[in-house]
$ cat query_25.cif   # mmCIF, N, CA and C atoms
data_coords
loop_
_atom_site.label_atom_id
_atom_site.label_comp_id
_atom_site.auth_asym_id
_atom_site.auth_seq_id
_atom_site.Cartn_x
_atom_site.Cartn_y
_atom_site.Cartn_z
N MET A 20 194.98 12.86 117.72
CA MET A 20 195.66 14.13 117.84
C MET A 20 196.46 14.13 119.13
N GLY A 21 197.69 14.63 119.09
CA GLY A 21 198.54 14.67 120.27
C GLY A 21 198.18 15.81 121.18
N HIS A 22 198.92 15.90 122.27
CA HIS A 22 198.68 16.94 123.26
C HIS A 22 199.28 18.28 122.86
N GLY A 23 200.22 18.30 121.93
CA GLY A 23 200.93 19.53 121.62
C GLY A 23 201.99 19.78 122.67
N SER A 24 202.65 20.91 122.56
CA SER A 24 203.72 21.27 123.48
C SER A 24 203.19 22.09 124.64
N ILE A 25 204.03 22.17 125.66
CA ILE A 25 203.73 22.96 126.85
C ILE A 25 204.85 23.98 127.02
N LEU A 26 204.47 25.20 127.32
CA LEU A 26 205.44 26.22 127.71
C LEU A 26 205.34 26.37 129.22
N MET A 27 206.48 26.24 129.89
CA MET A 27 206.56 26.50 131.33
C MET A 27 207.44 27.71 131.51
N ALA A 28 206.96 28.66 132.32
CA ALA A 28 207.72 29.89 132.54
C ALA A 28 207.52 30.35 133.98
N THR A 29 208.47 31.12 134.44
CA THR A 29 208.29 31.78 135.74
C THR A 29 207.77 33.18 135.49
N LEU A 30 207.01 33.68 136.45
CA LEU A 30 206.39 34.99 136.28
C LEU A 30 206.84 35.93 137.39
N GLY A 31 207.29 37.08 136.97
CA GLY A 31 207.60 38.15 137.91
C GLY A 31 206.70 39.32 137.60
N GLY A 32 207.26 40.49 137.59
CA GLY A 32 206.48 41.70 137.37
C GLY A 32 206.35 42.12 135.92
N GLN A 33 206.87 41.30 135.00
CA GLN A 33 206.82 41.65 133.58
C GLN A 33 206.20 40.51 132.77
N PRO A 34 204.88 40.49 132.67
CA PRO A 34 204.21 39.39 131.97
C PRO A 34 204.53 39.32 130.49
N GLN A 35 204.99 40.43 129.92
CA GLN A 35 205.32 40.43 128.50
C GLN A 35 206.49 39.48 128.18
N VAL A 36 207.31 39.17 129.17
CA VAL A 36 208.40 38.21 128.95
C VAL A 36 207.80 36.86 128.55
N VAL A 37 206.72 36.46 129.19
CA VAL A 37 206.06 35.20 128.87
C VAL A 37 205.47 35.25 127.47
N THR A 38 204.76 36.33 127.15
CA THR A 38 204.13 36.40 125.83
C THR A 38 205.16 36.58 124.71
N PHE A 39 206.27 37.27 124.98
CA PHE A 39 207.32 37.37 123.96
C PHE A 39 207.90 35.99 123.66
N ALA A 40 208.18 35.22 124.71
CA ALA A 40 208.72 33.87 124.50
C ALA A 40 207.70 33.00 123.77
N LEU A 41 206.44 33.09 124.17
CA LEU A 41 205.39 32.31 123.52
C LEU A 41 205.27 32.69 122.05
N ASP A 42 205.23 33.97 121.76
CA ASP A 42 205.12 34.42 120.36
C ASP A 42 206.29 33.92 119.52
N THR A 43 207.48 33.96 120.08
CA THR A 43 208.67 33.49 119.35
C THR A 43 208.56 32.00 119.05
N LEU A 44 208.17 31.22 120.05
CA LEU A 44 208.02 29.77 119.84
C LEU A 44 206.94 29.46 118.81
N LEU A 45 205.83 30.17 118.87
CA LEU A 45 204.76 29.95 117.89
C LEU A 45 205.22 30.32 116.48
N GLU A 46 205.97 31.40 116.36
CA GLU A 46 206.51 31.80 115.06
C GLU A 46 207.45 30.75 114.49
N GLN A 47 208.10 30.00 115.38
CA GLN A 47 209.03 28.95 114.96
C GLN A 47 208.31 27.63 114.68
N GLY A 48 206.99 27.63 114.81
CA GLY A 48 206.21 26.45 114.46
C GLY A 48 205.87 25.52 115.60
N GLU A 49 206.19 25.90 116.84
CA GLU A 49 205.82 25.05 117.98
C GLU A 49 204.30 24.99 118.11
N ASP A 50 203.80 23.81 118.40
CA ASP A 50 202.36 23.60 118.60
C ASP A 50 202.07 23.63 120.09
N ILE A 51 202.07 24.81 120.68
CA ILE A 51 201.89 24.96 122.11
C ILE A 51 200.39 24.99 122.41
N ARG A 52 199.99 24.13 123.34
CA ARG A 52 198.57 24.03 123.71
C ARG A 52 198.29 24.49 125.13
N GLU A 53 199.36 24.51 125.96
CA GLU A 53 199.18 24.94 127.35
C GLU A 53 200.37 25.77 127.79
N VAL A 54 200.08 26.76 128.62
CA VAL A 54 201.13 27.60 129.19
C VAL A 54 201.00 27.53 130.72
N TYR A 55 202.03 26.99 131.34
CA TYR A 55 202.10 26.91 132.80
C TYR A 55 203.00 28.05 133.28
N VAL A 56 202.48 28.87 134.18
CA VAL A 56 203.23 29.99 134.70
C VAL A 56 203.38 29.81 136.20
N ILE A 57 204.62 29.65 136.64
CA ILE A 57 204.94 29.44 138.04
C ILE A 57 205.16 30.82 138.67
N HIS A 58 204.44 31.09 139.76
CA HIS A 58 204.47 32.44 140.32
C HIS A 58 204.46 32.43 141.84
N LEU A 59 204.88 33.55 142.39
CA LEU A 59 204.82 33.78 143.83
C LEU A 59 203.44 34.32 144.19
N SER A 60 203.25 34.70 145.42
CA SER A 60 201.94 35.11 145.92
C SER A 60 201.39 36.34 145.19
N PRO A 61 200.13 36.25 144.76
CA PRO A 61 199.49 37.41 144.15
C PRO A 61 199.14 38.50 145.16
N ALA A 62 199.49 38.30 146.44
CA ALA A 62 199.35 39.39 147.41
C ALA A 62 200.31 40.53 147.04
N ASN A 63 201.38 40.18 146.33
CA ASN A 63 202.30 41.17 145.79
C ASN A 63 201.61 41.85 144.60
N PRO A 64 201.46 43.18 144.62
CA PRO A 64 200.75 43.86 143.53
C PRO A 64 201.33 43.61 142.14
N ARG A 65 202.64 43.50 142.03
CA ARG A 65 203.26 43.25 140.71
C ARG A 65 202.86 41.87 140.18
N ILE A 66 202.87 40.88 141.04
CA ILE A 66 202.48 39.52 140.64
C ILE A 66 201.00 39.50 140.29
N ARG A 67 200.19 40.15 141.11
CA ARG A 67 198.75 40.20 140.86
C ARG A 67 198.45 40.84 139.49
N ARG A 68 199.10 41.97 139.19
CA ARG A 68 198.91 42.64 137.89
C ARG A 68 199.37 41.74 136.75
N SER A 69 200.50 41.07 136.93
CA SER A 69 201.02 40.18 135.89
C SER A 69 200.06 39.03 135.62
N LEU A 70 199.55 38.42 136.67
CA LEU A 70 198.60 37.32 136.51
C LEU A 70 197.32 37.80 135.83
N HIS A 71 196.85 38.97 136.22
CA HIS A 71 195.65 39.52 135.60
C HIS A 71 195.87 39.78 134.11
N LYS A 72 197.01 40.37 133.78
CA LYS A 72 197.33 40.66 132.38
C LYS A 72 197.40 39.37 131.56
N LEU A 73 198.10 38.39 132.07
CA LEU A 73 198.20 37.12 131.34
C LEU A 73 196.85 36.43 131.22
N SER A 74 196.08 36.45 132.30
CA SER A 74 194.75 35.83 132.24
C SER A 74 193.91 36.46 131.15
N SER A 75 194.00 37.77 131.00
CA SER A 75 193.22 38.44 129.96
C SER A 75 193.72 38.09 128.55
N GLU A 76 194.99 37.78 128.41
CA GLU A 76 195.55 37.37 127.11
C GLU A 76 195.05 35.99 126.69
N PHE A 77 194.61 35.18 127.66
CA PHE A 77 194.18 33.80 127.40
C PHE A 77 192.69 33.62 127.66
N SER A 78 191.89 34.62 127.34
CA SER A 78 190.46 34.50 127.60
C SER A 78 189.85 33.37 126.77
N ASP A 79 188.91 32.67 127.37
CA ASP A 79 188.22 31.54 126.71
C ASP A 79 189.18 30.46 126.22
N ASP A 80 190.27 30.24 126.97
CA ASP A 80 191.27 29.22 126.60
C ASP A 80 191.80 29.41 125.19
N THR A 81 191.98 30.67 124.79
CA THR A 81 192.60 30.97 123.50
C THR A 81 193.65 32.05 123.69
N TYR A 82 194.63 32.03 122.79
CA TYR A 82 195.66 33.06 122.76
C TYR A 82 195.82 33.47 121.31
N ARG A 83 195.45 34.69 121.02
CA ARG A 83 195.55 35.23 119.66
C ARG A 83 194.94 34.29 118.62
N GLY A 84 193.74 33.81 118.95
CA GLY A 84 192.99 32.97 118.02
C GLY A 84 193.36 31.49 118.04
N ARG A 85 194.33 31.10 118.85
CA ARG A 85 194.74 29.70 118.96
C ARG A 85 194.19 29.10 120.24
N LYS A 86 193.74 27.86 120.16
CA LYS A 86 193.28 27.15 121.35
C LYS A 86 194.49 26.91 122.25
N MET A 87 194.45 27.47 123.47
CA MET A 87 195.59 27.35 124.38
C MET A 87 195.12 27.64 125.79
N ARG A 88 195.50 26.77 126.71
CA ARG A 88 195.09 26.93 128.11
C ARG A 88 196.19 27.60 128.92
N PHE A 89 195.78 28.49 129.79
CA PHE A 89 196.67 29.19 130.70
C PHE A 89 196.53 28.57 132.08
N ARG A 90 197.66 28.15 132.65
CA ARG A 90 197.65 27.46 133.94
C ARG A 90 198.60 28.16 134.92
N PRO A 91 198.08 29.01 135.79
CA PRO A 91 198.94 29.60 136.82
C PRO A 91 199.21 28.58 137.93
N ILE A 92 200.47 28.46 138.32
CA ILE A 92 200.88 27.50 139.35
C ILE A 92 201.61 28.27 140.46
N PRO A 93 200.99 28.43 141.61
CA PRO A 93 201.66 29.16 142.70
C PRO A 93 202.74 28.32 143.38
N VAL A 94 203.79 28.98 143.79
CA VAL A 94 204.83 28.34 144.60
C VAL A 94 204.29 28.27 146.01
N ARG A 95 204.19 27.05 146.55
CA ARG A 95 203.60 26.83 147.88
C ARG A 95 204.61 26.24 148.84
N LEU A 96 204.41 26.60 150.07
CA LEU A 96 205.13 25.99 151.18
C LEU A 96 204.03 25.52 152.12
N GLY A 97 203.70 24.24 152.04
CA GLY A 97 202.53 23.73 152.74
C GLY A 97 201.29 24.30 152.08
N ALA A 98 200.41 24.88 152.86
CA ALA A 98 199.18 25.46 152.32
C ALA A 98 199.35 26.92 151.91
N GLU A 99 200.47 27.51 152.27
CA GLU A 99 200.70 28.94 152.01
C GLU A 99 201.42 29.16 150.67
N VAL A 100 201.00 30.21 149.98
CA VAL A 100 201.71 30.61 148.76
C VAL A 100 202.89 31.48 149.18
N VAL A 101 204.06 31.18 148.66
CA VAL A 101 205.29 31.87 149.04
C VAL A 101 205.23 33.32 148.54
N PRO A 102 205.46 34.29 149.44
CA PRO A 102 205.40 35.68 149.02
C PRO A 102 206.65 36.15 148.28
N ASP A 103 207.79 35.59 148.62
CA ASP A 103 209.05 35.99 148.00
C ASP A 103 210.09 34.91 148.31
N ILE A 104 211.10 34.82 147.47
CA ILE A 104 212.17 33.85 147.73
C ILE A 104 213.34 34.62 148.32
N ARG A 105 213.49 34.48 149.63
CA ARG A 105 214.53 35.19 150.35
C ARG A 105 215.40 34.26 151.19
N SER A 106 215.13 32.96 151.08
CA SER A 106 215.88 32.01 151.89
C SER A 106 215.94 30.68 151.16
N GLU A 107 216.71 29.78 151.74
CA GLU A 107 216.81 28.43 151.19
C GLU A 107 215.45 27.74 151.22
N VAL A 108 214.64 28.03 152.24
CA VAL A 108 213.31 27.43 152.35
C VAL A 108 212.45 27.85 151.16
N GLY A 109 212.46 29.13 150.83
CA GLY A 109 211.70 29.61 149.68
C GLY A 109 212.21 29.05 148.37
N ALA A 110 213.53 28.97 148.25
CA ALA A 110 214.13 28.40 147.03
C ALA A 110 213.75 26.93 146.89
N ASN A 111 213.76 26.20 147.99
CA ASN A 111 213.36 24.79 147.95
C ASN A 111 211.89 24.64 147.58
N ALA A 112 211.05 25.54 148.06
CA ALA A 112 209.62 25.50 147.72
C ALA A 112 209.43 25.72 146.22
N ALA A 113 210.18 26.65 145.65
CA ALA A 113 210.10 26.89 144.20
C ALA A 113 210.57 25.66 143.43
N TRP A 114 211.69 25.08 143.85
CA TRP A 114 212.21 23.88 143.20
C TRP A 114 211.19 22.75 143.28
N GLN A 115 210.61 22.57 144.45
CA GLN A 115 209.63 21.49 144.64
C GLN A 115 208.39 21.71 143.77
N THR A 116 207.96 22.94 143.60
CA THR A 116 206.82 23.25 142.74
C THR A 116 207.11 22.83 141.30
N VAL A 117 208.28 23.19 140.80
CA VAL A 117 208.65 22.81 139.43
C VAL A 117 208.77 21.30 139.32
N TYR A 118 209.43 20.68 140.28
CA TYR A 118 209.60 19.23 140.28
C TYR A 118 208.25 18.51 140.27
N ASN A 119 207.34 18.94 141.14
CA ASN A 119 206.02 18.31 141.20
C ASN A 119 205.26 18.47 139.89
N LEU A 120 205.34 19.65 139.29
CA LEU A 120 204.67 19.87 138.02
C LEU A 120 205.25 18.97 136.93
N LEU A 121 206.56 18.92 136.83
CA LEU A 121 207.18 18.05 135.82
C LEU A 121 206.84 16.58 136.05
N THR A 122 206.85 16.16 137.31
CA THR A 122 206.51 14.78 137.64
C THR A 122 205.09 14.45 137.19
N GLU A 123 204.16 15.35 137.50
CA GLU A 123 202.76 15.13 137.12
C GLU A 123 202.60 15.10 135.59
N LEU A 124 203.25 15.98 134.90
CA LEU A 124 203.16 16.02 133.45
C LEU A 124 203.76 14.74 132.82
N LYS A 125 204.86 14.27 133.39
CA LYS A 125 205.46 13.03 132.89
C LYS A 125 204.55 11.83 133.12
N LYS A 126 203.86 11.80 134.27
CA LYS A 126 202.90 10.72 134.54
C LYS A 126 201.80 10.71 133.48
N GLN A 127 201.46 11.88 132.99
CA GLN A 127 200.44 12.00 131.96
C GLN A 127 201.00 11.79 130.55
N ARG A 128 202.29 11.44 130.48
CA ARG A 128 203.00 11.23 129.21
C ARG A 128 203.02 12.48 128.34
N ARG A 129 203.19 13.61 129.01
CA ARG A 129 203.24 14.90 128.31
C ARG A 129 204.65 15.26 127.99
#
$ encode --input "query_25.cif" --output "structure tokens"
Amino acid sequence: MGHGSILMATLGGQPQVVTFALDTLLEQGEDIREVYVIHLSPANPRIRRSLHKLSSEFSDDTYRGRKMRFRPIPVRLGAEVVPDIRSEVGANAAWQTVYNLLTELKKQRR
């Protein structure tokens, strides 16, 4: 059995954007097994609520009866999670987070 597909999305204050995209892809027959959500610091109440809402949608590694893992990936600058992207430094941290995730997934032949 293969790994299935991966959905990668960015998360802001509207978690339904992620689930709408996921639902659409599933309706089109995509075999999505993991959802990676790239996010800023959950110290921001909107991000924290969004992460909590999405986490509850993927309880027990399932989404609407389908086996699917939810993977939140924080944007980091060193050891710190980036609170907001307001400069080139923050933008580079976001780019590096996506790059590192893609690199790791490719190493795993995903």
$ closest_residue --input "query_25.cif" --among "A:Arg105, A:Arg128, A:Arg88, A:Arg68" --to "Glu53 (chain A)" --atoms "all atoms listed in the file"
A:Arg88
$ residues_around --input "query_25.cif" --residues "region 58-67 of chain A" --least-positions-apart "4" --cutoff "8 Å" --atoms "all atoms listed in the file" --output "list in words"
Ala28, Thr29, Leu30, Gly31, Gly32, Gln33, Pro34, His71, Lys72, Leu73, Pro91, Ile92, Pro93, Val94, Arg95, Glu99, Val100, Val101, Pro102, Asp103 and Ile104 of chain A
$ residues_around --input "query_25.cif" --residues "Arg90 (chain A)" --least-positions-apart "5" --cutoff "8 Å" --atoms "only C-alpha atoms" --output "list in words"
Glu53, Val54, Tyr55 and Val56 of chain A
$ closest_residue --input "query_25.cif" --among "A:Glu123, A:Glu107, A:Glu76, A:Asp42" --to "Phe89 (chain A)" --atoms "only C-alpha atoms"
A:Glu76
$ select_by_dssp --input "query_25.cif" --residues "region 75-109 of chain A" --states "strand (DSSP E or B)" --output "list in words"
Thr81, Tyr82, Arg85, Lys86, Arg88, Phe89, Arg90, Pro91, Ile92, Pro93, Arg95, Leu96, Glu99 and Val100 of chain A
$ resolve_selection --input "query_25.cif" --expression "the PyMOL selection byres ((chain A and resi 50) around 6)" --output "list in words"
Gly23, Ser24, Gly48, Glu49, Ile51 and Arg52 of chain A
$ atom_distance --input "query_25.cif" --atom1 "CA of Ser75 (chain A)" --atom2 "atom C of Leu26 (chain A)"
17.1 Å
$ axis_aligned_box --input "query_25.cif" --around "region 34-47 of chain A" --padding-each-side "6 Å" --output "JSON"
{"center_x": 206.6, "center_y": 34.1, "center_z": 123.6, "size_x": 16.9, "size_y": 24.9, "size_z": 30.2}
$ closest_residue --input "query_25.cif" --among "A:Gln115, A:Ile57, A:Lys126, A:Ser69" --to "Met27 (chain A)" --atoms "only C-alpha atoms"
A:Ile57
$ select_by_dssp --input "query_25.cif" --residues "chain A" --states "helix (DSSP H, G or I)" --output "PyMOL selection string"
chain A and resi 35-46+64-76+78-80+107-126
$ atom_distance --input "query_25.cif" --atom1 "CA of Arg85 (chain A)" --atom2 "atom N of Leu121 (chain A)"
24.0 Å
